[in-house]
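This report concerns only the one structure given below.
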Amino acid sequence: MLGFEMCKKLLRLCAACVIAAAIAALGLSSVGAAAPTVEEQARALAAVPKDAVQYYDGYWYSADIVSDPLANWKPHAPPWQICHNDSYLGNSWRANLVAELKALTRQLADQGLAKPDLIVTNSNGDINLELTQLKAQIAQGCDLIMSYPGSATGLCSAIKDAFDKGILVVTIDAPVTCPGALNVARNAYFYAKAQGDWIMKALKGKGNVVMMNGQPGTSDTAANRDAFLEAAKAYPGIEVTGDLYGMWTGSVAKSEMLKFLATHPQKVDAAWSTGNMGVGIGQAFQQSGRPVPIVTDVTNNCSFLAFWKKQKLDTITLVQDGGPTAYEAFVPALHAMVGRKPKVNTIFFPLPSITNANLDDYYEPSMTVQSTCFANGKDLHLVDDAYFDQFFTGDAKVPKVEIVPTE
């Protein structure tokens with residue numbers, strides 16, 4: 001959702017040739033979205049713990065699943081130099097991610113397990129620069145590299161070099177197909193399908209729905225879109241009347257929705273958003289003088305919760321701020337750094353949902369539609385630390401760290 005990985009096989013999703021050309025020019029790529037056969041899926045998921053396999057539906061949009069990926073790999077001894085390789089640091093979500101990694105690194109340093117300073121690089125969307133920066137981190141002695149990669153394949157040569165040198169690369173929220181990397185993420189397809197199912201049931205199987213997709217050509221957008229359409233298939237009374245792209249940006253989503261509403265006078269019963277666009281969508285309906293329908297989102301922006309509360313919406317969103325997301329990737333990294341072996345290379349974990357039933361656990365009266373914060377609630381964890389135990393073998397003791405609040 002917040003990464004840069006692209007999928008060349010899915011350029012047909014782009015609304016115009018100019019967008020397609022721009023995506024190709026970025027030189028970014030991702031996993032193909034052709035669904036494996038049932039037999040292939042069974043083989044791929046054989047090593048996934050049975051209590052977690054439910055979160056792997058549509059995994060092929062995000063990652064390959066490889067068993068025992070670190071079988072022939074041994075970690076360096078502490079104290080570790082921990083580094084972070086990022087594809088983009090231009091928003092508060094990524095800033096919170098880095099702040100959390102810095103705090104966790106300091107906690108390990110206090111235990112004598114790490115050097116105190118996190119080394120951070122930012123390629124600002126340039127995958128070639130990110131590859132160069134990753135190679136430099138390997139050369140300067142990083143022992144653990146956390147990464148938000150801008151491509152599922154563009155960093156593979158450096159990740160292989162890191163693996164061969166005993167350096168662990170752990171991706172955060174943006175899986176790669178590179179052998180030797182450990183991916184830790186939420187599954188975009190799974191949650192888009194769940195939200196689609198929620199909308200269909202909220203509408204009792206009848207109504208007009210507008211899809212507000214993110215960035216054309218990304219694997220997340222493809223996974224989200226296909227999952228939502230899959231949910232809609234089960235409800236013949238649902239008509240998808242709009243298939244728009246809002247670039248995960250509220251102002252763009254508002255503009256696109258305004259244009260749609262100006263040419264489509266029929267009632268809209270629900271608008272589905274794939275991230276950071278819920279407020280813009282709702283404001284478009286208000287500006288058009290039309291009632292605000294069901295509007296969902298997939299991030300816990302304070303602005304969306306404020307709009308939700310004021311408009312008394314019936315809706316749903318997910319908790320997935322950058323800080324907690326970084327923490328959830330860091331915990332499996334520690335399992336591997338003390339010598340425990342992951343059963344699979346890609347670890348998907350569940351996210352908490354915010355609904356009308358628990359909205360007040362996350363909403364604060366100080367939140368407004370201009371707020372830039374994330375509503376993380378009292379328990380900052382996205383999933384219990386124990387969830388990750390089932391993905392590893394070995395008896396080594398895993399260092400304890402605590403999640404910290406970020407702005």
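Identifiers in this document derive from the order of the structure tokens: chains are assigned A, B, ..., residues are numbered from 1 separately in each chain, and ligands are numbered from 1 in order of occurrence.
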>> Residues near segment 295-303 of chain A, anyone? I mean within 7 Å using only C-alpha atoms, not counting same-chain ones fewer than 3 positions away, as a list in words.
In response: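 Non-adjacent residues within range: Ala270, Ala271, Trp272, Ser273, Thr274, Gly275, Asn276, Met277, Gly278, Gly282, Ala306, Phe307, Thr315, Ile316, Thr317, Leu318, Val319, Gln320, Asp321, Met367, Thr368, Val369, Gln370, Ser371, Thr372, Cys373, Phe374 and Ala375 of chain A.
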Let's have the selection written as a CSV table (one decimal), in the first residue's frame, with N, CA, C and O atoms.
chain,number,residue,atom,x,y,z
A,270,ALA,N,-22.0,2.7,-1.6
A,270,ALA,CA,-20.7,2.5,-0.9
A,270,ALA,C,-19.5,2.8,-1.7
A,270,ALA,O,-19.6,2.7,-3.0
A,271,ALA,N,-18.5,3.4,-1.1
A,271,ALA,CA,-17.2,3.7,-1.8
A,271,ALA,C,-16.1,3.0,-1.0
A,271,ALA,O,-16.0,3.2,0.2
A,272,TRP,N,-15.4,2.2,-1.7
A,272,TRP,CA,-14.3,1.4,-1.1
A,272,TRP,C,-13.0,2.0,-1.4
A,272,TRP,O,-12.6,2.3,-2.5
A,273,SER,N,-12.2,2.3,-0.3
A,273,SER,CA,-10.9,2.9,-0.5
A,273,SER,C,-9.8,2.0,0.0
A,273,SER,O,-9.9,1.3,1.0
A,274,THR,N,-8.7,2.1,-0.7
A,274,THR,CA,-7.5,1.2,-0.4
A,274,THR,C,-6.5,1.9,0.4
A,274,THR,O,-5.4,1.4,0.5
A,275,GLY,N,-6.8,3.1,0.9
A,275,GLY,CA,-5.8,3.7,1.8
A,275,GLY,C,-5.6,5.2,1.7
A,275,GLY,O,-5.4,5.7,0.7
A,276,ASN,N,-5.8,5.9,2.9
A,276,ASN,CA,-5.6,7.3,3.0
A,276,ASN,C,-6.5,8.2,2.1
A,276,ASN,O,-6.1,9.3,1.9
A,277,MET,N,-7.6,7.6,1.6
A,277,MET,CA,-8.4,8.4,0.7
A,277,MET,C,-9.9,8.5,1.2
A,277,MET,O,-10.7,9.2,0.5
A,278,GLY,N,-10.2,8.0,2.3
A,278,GLY,CA,-11.5,8.0,2.8
A,278,GLY,C,-12.1,9.4,3.0
A,278,GLY,O,-13.3,9.7,2.7
A,282,GLY,N,-15.3,11.1,1.0
A,282,GLY,CA,-16.5,11.6,1.7
A,282,GLY,C,-16.7,13.1,1.4
A,282,GLY,O,-17.9,13.5,1.2
A,306,ALA,N,-11.8,11.0,12.6
A,306,ALA,CA,-12.6,12.3,12.9
A,306,ALA,C,-13.7,12.4,12.0
A,306,ALA,O,-14.8,12.8,12.4
A,307,PHE,N,-13.5,12.2,10.7
A,307,PHE,CA,-14.6,12.3,9.7
A,307,PHE,C,-15.7,11.3,10.0
A,307,PHE,O,-16.9,11.6,10.0
A,315,THR,N,-18.8,2.1,9.1
A,315,THR,CA,-17.7,1.7,8.3
A,315,THR,C,-16.7,0.8,9.0
A,315,THR,O,-16.9,0.4,10.1
A,316,ILE,N,-15.5,0.7,8.4
A,316,ILE,CA,-14.5,-0.2,8.9
A,316,ILE,C,-13.1,0.2,8.4
A,316,ILE,O,-13.1,0.7,7.3
A,317,THR,N,-12.1,0.1,9.2
A,317,THR,CA,-10.7,0.3,8.7
A,317,THR,C,-9.8,-0.6,9.5
A,317,THR,O,-10.2,-1.3,10.3
A,318,LEU,N,-8.5,-0.5,9.2
A,318,LEU,CA,-7.5,-1.4,9.8
A,318,LEU,C,-6.5,-0.6,10.5
A,318,LEU,O,-6.2,0.6,10.2
A,319,VAL,N,-5.8,-1.2,11.5
A,319,VAL,CA,-4.8,-0.5,12.2
A,319,VAL,C,-3.4,-1.0,11.7
A,319,VAL,O,-3.1,-2.2,11.7
A,320,GLN,N,-2.7,-0.1,11.1
A,320,GLN,CA,-1.4,-0.4,10.5
A,320,GLN,C,-0.5,0.8,10.3
A,320,GLN,O,0.1,1.0,9.3
A,321,ASP,N,-0.2,1.5,11.4
A,321,ASP,CA,0.7,2.6,11.4
A,321,ASP,C,2.1,2.1,11.1
A,321,ASP,O,2.5,0.9,11.4
A,367,MET,N,-8.9,14.8,17.6
A,367,MET,CA,-8.7,14.5,16.2
A,367,MET,C,-9.6,15.3,15.3
A,367,MET,O,-10.8,15.5,15.6
A,368,THR,N,-9.1,15.8,14.2
A,368,THR,CA,-9.8,16.5,13.2
A,368,THR,C,-9.5,16.0,11.8
A,368,THR,O,-8.6,15.2,11.6
A,369,VAL,N,-10.2,16.4,10.8
A,369,VAL,CA,-10.0,15.9,9.4
A,369,VAL,C,-8.6,16.4,8.9
A,369,VAL,O,-8.1,16.0,7.9
A,370,GLN,N,-8.0,17.4,9.6
A,370,GLN,CA,-6.7,17.9,9.2
A,370,GLN,C,-5.6,17.1,10.0
A,370,GLN,O,-4.4,17.4,9.7
A,371,SER,N,-5.9,16.3,10.9
A,371,SER,CA,-4.9,15.6,11.7
A,371,SER,C,-4.0,14.7,10.8
A,371,SER,O,-4.5,14.1,9.8
A,372,THR,N,-2.8,14.6,11.1
A,372,THR,CA,-1.8,13.8,10.3
A,372,THR,C,-1.4,12.6,11.1
A,372,THR,O,-0.5,11.8,10.7
A,373,CYS,N,-1.9,12.4,12.3
A,373,CYS,CA,-1.5,11.3,13.2
A,373,CYS,C,-2.2,10.0,12.8
A,373,CYS,O,-3.0,9.9,11.9
A,374,PHE,N,-1.8,8.9,13.5
A,374,PHE,CA,-2.4,7.6,13.3
A,374,PHE,C,-3.0,7.2,14.6
A,374,PHE,O,-2.4,7.4,15.7
A,375,ALA,N,-4.2,6.6,14.6
A,375,ALA,CA,-4.9,6.2,15.8
A,375,ALA,C,-4.6,4.8,16.2
A,375,ALA,O,-5.1,3.8,15.7
> Which parts of segment 290-329 of chain A does DSSP call helix (DSSP H, G or I) when run on the backbone here, written out as a list in words?
Replying inline: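 Checking each residue of segment 290-329 of chain A, the helix (DSSP H, G or I) ones are Cys302, Ser303, Phe304, Leu305, Ala306, Phe307, Trp308, Lys309, Lys310, Gln311, Gly322, Gly323, Pro324, Thr325, Ala326, Tyr327, Glu328 and Ala329 of chain A.
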> Skipping near chain neighbours, those fewer than 2 positions away, what residues fall within 7 Å of Trp60 of chain A using only C-alpha atoms, listed as number ranges by chain?
Replying inline: A: 33, 35, 58, 62-64
Export of the given selection (N, CA, C and O atoms) as an mmCIF file, in the first residue's frame:
data_model
loop_
_atom_site.group_PDB
_atom_site.id
_atom_site.type_symbol
_atom_site.label_atom_id
_atom_site.label_comp_id
_atom_site.auth_asym_id
_atom_site.auth_seq_id
_atom_site.Cartn_x
_atom_site.Cartn_y
_atom_site.Cartn_z
ATOM 1 N N ALA A 33 0.735 -11.867 -10.958
ATOM 2 C CA ALA A 33 -0.496 -12.141 -10.232
ATOM 3 C C ALA A 33 -1.261 -13.330 -10.800
ATOM 4 O O ALA A 33 -2.422 -13.508 -10.484
ATOM 5 N N ALA A 35 -2.713 -16.730 -10.797
ATOM 6 C CA ALA A 35 -2.982 -17.610 -9.662
ATOM 7 C C ALA A 35 -2.380 -18.992 -9.883
ATOM 8 O O ALA A 35 -2.570 -19.598 -10.934
ATOM 9 N N GLY A 58 -4.382 -15.560 -1.683
ATOM 10 C CA GLY A 58 -3.866 -14.615 -2.672
ATOM 11 C C GLY A 58 -2.414 -14.226 -2.454
ATOM 12 O O GLY A 58 -1.963 -13.181 -2.938
ATOM 13 N N SER A 62 1.822 -10.985 -3.690
ATOM 14 C CA SER A 62 2.832 -10.314 -2.880
ATOM 15 C C SER A 62 4.179 -11.001 -2.863
ATOM 16 O O SER A 62 5.214 -10.332 -2.846
ATOM 17 N N ALA A 63 4.187 -12.323 -2.840
ATOM 18 C CA ALA A 63 5.463 -13.013 -2.629
ATOM 19 C C ALA A 63 5.389 -14.472 -3.030
ATOM 20 O O ALA A 63 4.315 -15.068 -3.068
ATOM 21 N N ASP A 64 6.554 -15.042 -3.305
ATOM 22 C CA ASP A 64 6.694 -16.486 -3.377
ATOM 23 C C ASP A 64 6.778 -17.017 -1.943
ATOM 24 O O ASP A 64 7.201 -16.307 -1.028
#
Determine, for each residue of segment 75-129 of chain A having at least one atom at most 6 Å from an atom of segment 323-338 of chain A, the closest pair of atoms and their separation in Å to one decimal, counting only C-alpha atoms; order by chain and ascending number, as JSON lines.
{"residue": "A:Pro75", "atom": "CA", "partner": "A:Met337", "partner_atom": "CA", "distance": 5.5}
{"residue": "A:Asn96", "atom": "CA", "partner": "A:Gly323", "partner_atom": "CA", "distance": 4.7}
{"residue": "A:Leu97", "atom": "CA", "partner": "A:Gly323", "partner_atom": "CA", "distance": 4.2}
{"residue": "A:Glu100", "atom": "CA", "partner": "A:Gly323", "partner_atom": "CA", "distance": 5.1}
Can I get the selection written as a CSV table (one decimal), in the first residue's frame, with N, CA and C atoms?
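Listing of result_15.csv after writing:
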chain,number,residue,atom,x,y,z
A,75,PRO,N,23.8,-16.4,11.6
A,75,PRO,CA,23.9,-14.9,11.9
A,75,PRO,C,25.2,-14.6,12.5
A,96,ASN,N,7.4,7.3,11.1
A,96,ASN,CA,7.1,6.6,12.3
A,96,ASN,C,7.8,5.2,12.3
A,97,LEU,N,7.9,4.6,11.1
A,97,LEU,CA,8.6,3.3,10.9
A,97,LEU,C,10.1,3.5,11.4
A,100,GLU,N,10.5,4.0,15.1
A,100,GLU,CA,10.4,2.8,15.9
A,100,GLU,C,11.7,2.0,15.8
> How far is it from atom CA of Gln133 of chain A to atom CA of Ser87 of chain A, in Å with one decimal?
Replying inline: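 Computing the Euclidean distance for atom CA of Gln133 of chain A and atom CA of Ser87 of chain A yields 10.1 Å.
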> For Val344 of chain A, which residue among A:Phe304, A:Trp73, A:Phe391, A:Tyr362 is the nearest when counting only C-alpha atoms?
Replying inline: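 Of A:Phe304, A:Trp73, A:Phe391, A:Tyr362, the one nearest Val344 of chain A is A:Phe391, counting only C-alpha atoms.
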> With only C-alpha atoms as the atoms that count, which of A:Val120, A:Ala158, A:Leu168, A:Leu203 lies nearest to Gly237 of chain A?
Replying inline: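 Ranking A:Val120, A:Ala158, A:Leu168, A:Leu203 by distance to Gly237 of chain A, first place goes to A:Leu203.
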> So, counting only C-alpha atoms, which residue among A:Leu305, A:Ile159, A:Ala42, A:Ala152 is closest to Ala136 of chain A?
Replying inline: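 Closest to Ala136 of chain A of all the choices is A:Ile159.
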> If you count only C-alpha atoms, which residues fall within 12 Å of Asp110 of chain A, apart from same-chain ones fewer than 5 positions away, as a list of chain:residue names?
Replying inline: A:Pro79, A:Ala103, A:Leu104, A:Thr105, A:Lys115, A:Pro116, A:Asp117, A:Pro399, A:Lys400, A:Val401
Restricting it to all heavy atoms, dump the selection as an mmCIF file, in the first residue's frame.
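Output contents, as saved in result-v9.cif:
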data_model
loop_
_atom_site.group_PDB
_atom_site.id
_atom_site.type_symbol
_atom_site.label_atom_id
_atom_site.label_comp_id
_atom_site.auth_asym_id
_atom_site.auth_seq_id
_atom_site.Cartn_x
_atom_site.Cartn_y
_atom_site.Cartn_z
ATOM 1 N N PRO A 79 27.684 -7.665 19.531
ATOM 2 C CA PRO A 79 26.664 -6.637 19.256
ATOM 3 C C PRO A 79 26.524 -6.372 17.755
ATOM 4 O O PRO A 79 27.522 -6.265 17.045
ATOM 5 C CB PRO A 79 27.182 -5.415 20.004
ATOM 6 C CG PRO A 79 28.663 -5.592 20.034
ATOM 7 C CD PRO A 79 28.895 -7.075 20.145
ATOM 8 N N ALA A 103 14.287 3.322 18.077
ATOM 9 C CA ALA A 103 14.004 3.044 19.483
ATOM 10 C C ALA A 103 14.317 1.586 19.828
ATOM 11 O O ALA A 103 14.872 1.291 20.893
ATOM 12 C CB ALA A 103 12.543 3.359 19.798
ATOM 13 N N LEU A 104 13.964 0.677 18.942
ATOM 14 C CA LEU A 104 14.232 -0.741 19.178
ATOM 15 C C LEU A 104 15.732 -1.033 19.174
ATOM 16 O O LEU A 104 16.225 -1.846 19.968
ATOM 17 C CB LEU A 104 13.526 -1.583 18.119
ATOM 18 C CG LEU A 104 11.990 -1.546 18.173
ATOM 19 C CD1 LEU A 104 11.397 -2.213 16.937
ATOM 20 C CD2 LEU A 104 11.471 -2.205 19.443
ATOM 21 N N THR A 105 16.454 -0.370 18.299
ATOM 22 C CA THR A 105 17.913 -0.540 18.251
ATOM 23 C C THR A 105 18.551 -0.085 19.555
ATOM 24 O O THR A 105 19.452 -0.750 20.092
ATOM 25 C CB THR A 105 18.494 0.242 17.061
ATOM 26 O OG1 THR A 105 17.947 -0.279 15.840
ATOM 27 C CG2 THR A 105 20.007 0.140 17.018
ATOM 28 N N LYS A 115 24.812 -2.109 18.463
ATOM 29 C CA LYS A 115 25.386 -0.774 18.521
ATOM 30 C C LYS A 115 24.228 0.226 18.594
ATOM 31 O O LYS A 115 23.154 -0.024 18.051
ATOM 32 C CB LYS A 115 26.270 -0.545 17.305
ATOM 33 C CG LYS A 115 27.442 -1.518 17.265
ATOM 34 C CD LYS A 115 28.292 -1.358 16.010
ATOM 35 C CE LYS A 115 29.421 -2.387 15.995
ATOM 36 N NZ LYS A 115 30.260 -2.307 14.773
ATOM 37 N N PRO A 116 24.411 1.351 19.240
ATOM 38 C CA PRO A 116 23.268 2.202 19.581
ATOM 39 C C PRO A 116 22.615 2.947 18.428
ATOM 40 O O PRO A 116 21.451 3.321 18.528
ATOM 41 C CB PRO A 116 23.846 3.184 20.604
ATOM 42 C CG PRO A 116 25.314 3.202 20.311
ATOM 43 C CD PRO A 116 25.663 1.834 19.858
ATOM 44 N N ASP A 117 23.340 3.166 17.348
ATOM 45 C CA ASP A 117 22.812 4.010 16.270
ATOM 46 C C ASP A 117 22.363 3.180 15.078
ATOM 47 O O ASP A 117 23.116 2.353 14.552
ATOM 48 C CB ASP A 117 23.862 5.029 15.824
ATOM 49 C CG ASP A 117 24.204 6.029 16.921
ATOM 50 O OD1 ASP A 117 23.282 6.406 17.666
ATOM 51 O OD2 ASP A 117 25.388 6.398 17.038
ATOM 52 N N PRO A 399 15.632 -12.122 22.415
ATOM 53 C CA PRO A 399 15.668 -10.899 23.232
ATOM 54 C C PRO A 399 14.295 -10.221 23.270
ATOM 55 O O PRO A 399 13.558 -10.223 22.292
ATOM 56 C CB PRO A 399 16.687 -10.017 22.508
ATOM 57 C CG PRO A 399 17.488 -10.956 21.670
ATOM 58 C CD PRO A 399 16.580 -12.069 21.289
ATOM 59 N N LYS A 400 13.978 -9.623 24.413
ATOM 60 C CA LYS A 400 12.717 -8.919 24.572
ATOM 61 C C LYS A 400 12.910 -7.432 24.298
ATOM 62 O O LYS A 400 13.835 -6.808 24.805
ATOM 63 C CB LYS A 400 12.165 -9.113 25.971
ATOM 64 C CG LYS A 400 11.827 -10.561 26.312
ATOM 65 C CD LYS A 400 10.697 -11.099 25.460
ATOM 66 C CE LYS A 400 9.373 -10.441 25.770
ATOM 67 N NZ LYS A 400 8.254 -11.030 24.993
ATOM 68 N N VAL A 401 12.022 -6.893 23.488
ATOM 69 C CA VAL A 401 11.999 -5.450 23.258
ATOM 70 C C VAL A 401 10.556 -4.994 23.434
ATOM 71 O O VAL A 401 9.613 -5.788 23.369
ATOM 72 C CB VAL A 401 12.500 -5.078 21.836
ATOM 73 C CG1 VAL A 401 13.994 -5.311 21.716
ATOM 74 C CG2 VAL A 401 11.747 -5.864 20.756
#
>> I need the strand (DSSP E or B) residues of segment 284-403 of chain A per DSSP on the backbone, written as a VMD selection string.
In response: chain A and resid 294 to 295 301 317 to 318 341 to 342 344 346 to 348 353 to 354 374 392 to 393
> For Trp198 of chain A, which of A:Asp314, A:Asp173, A:Asp143, A:Asp164 is the closest residue, counting only C-alpha atoms?
Replying inline: A:Asp314
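Among the candidate residues A:Tyr61, A:Lys135, A:Thr37, A:Ala232, the one lying nearest to Tyr189 of chain A is A:Tyr61, with distances computed using only C-alpha atoms.
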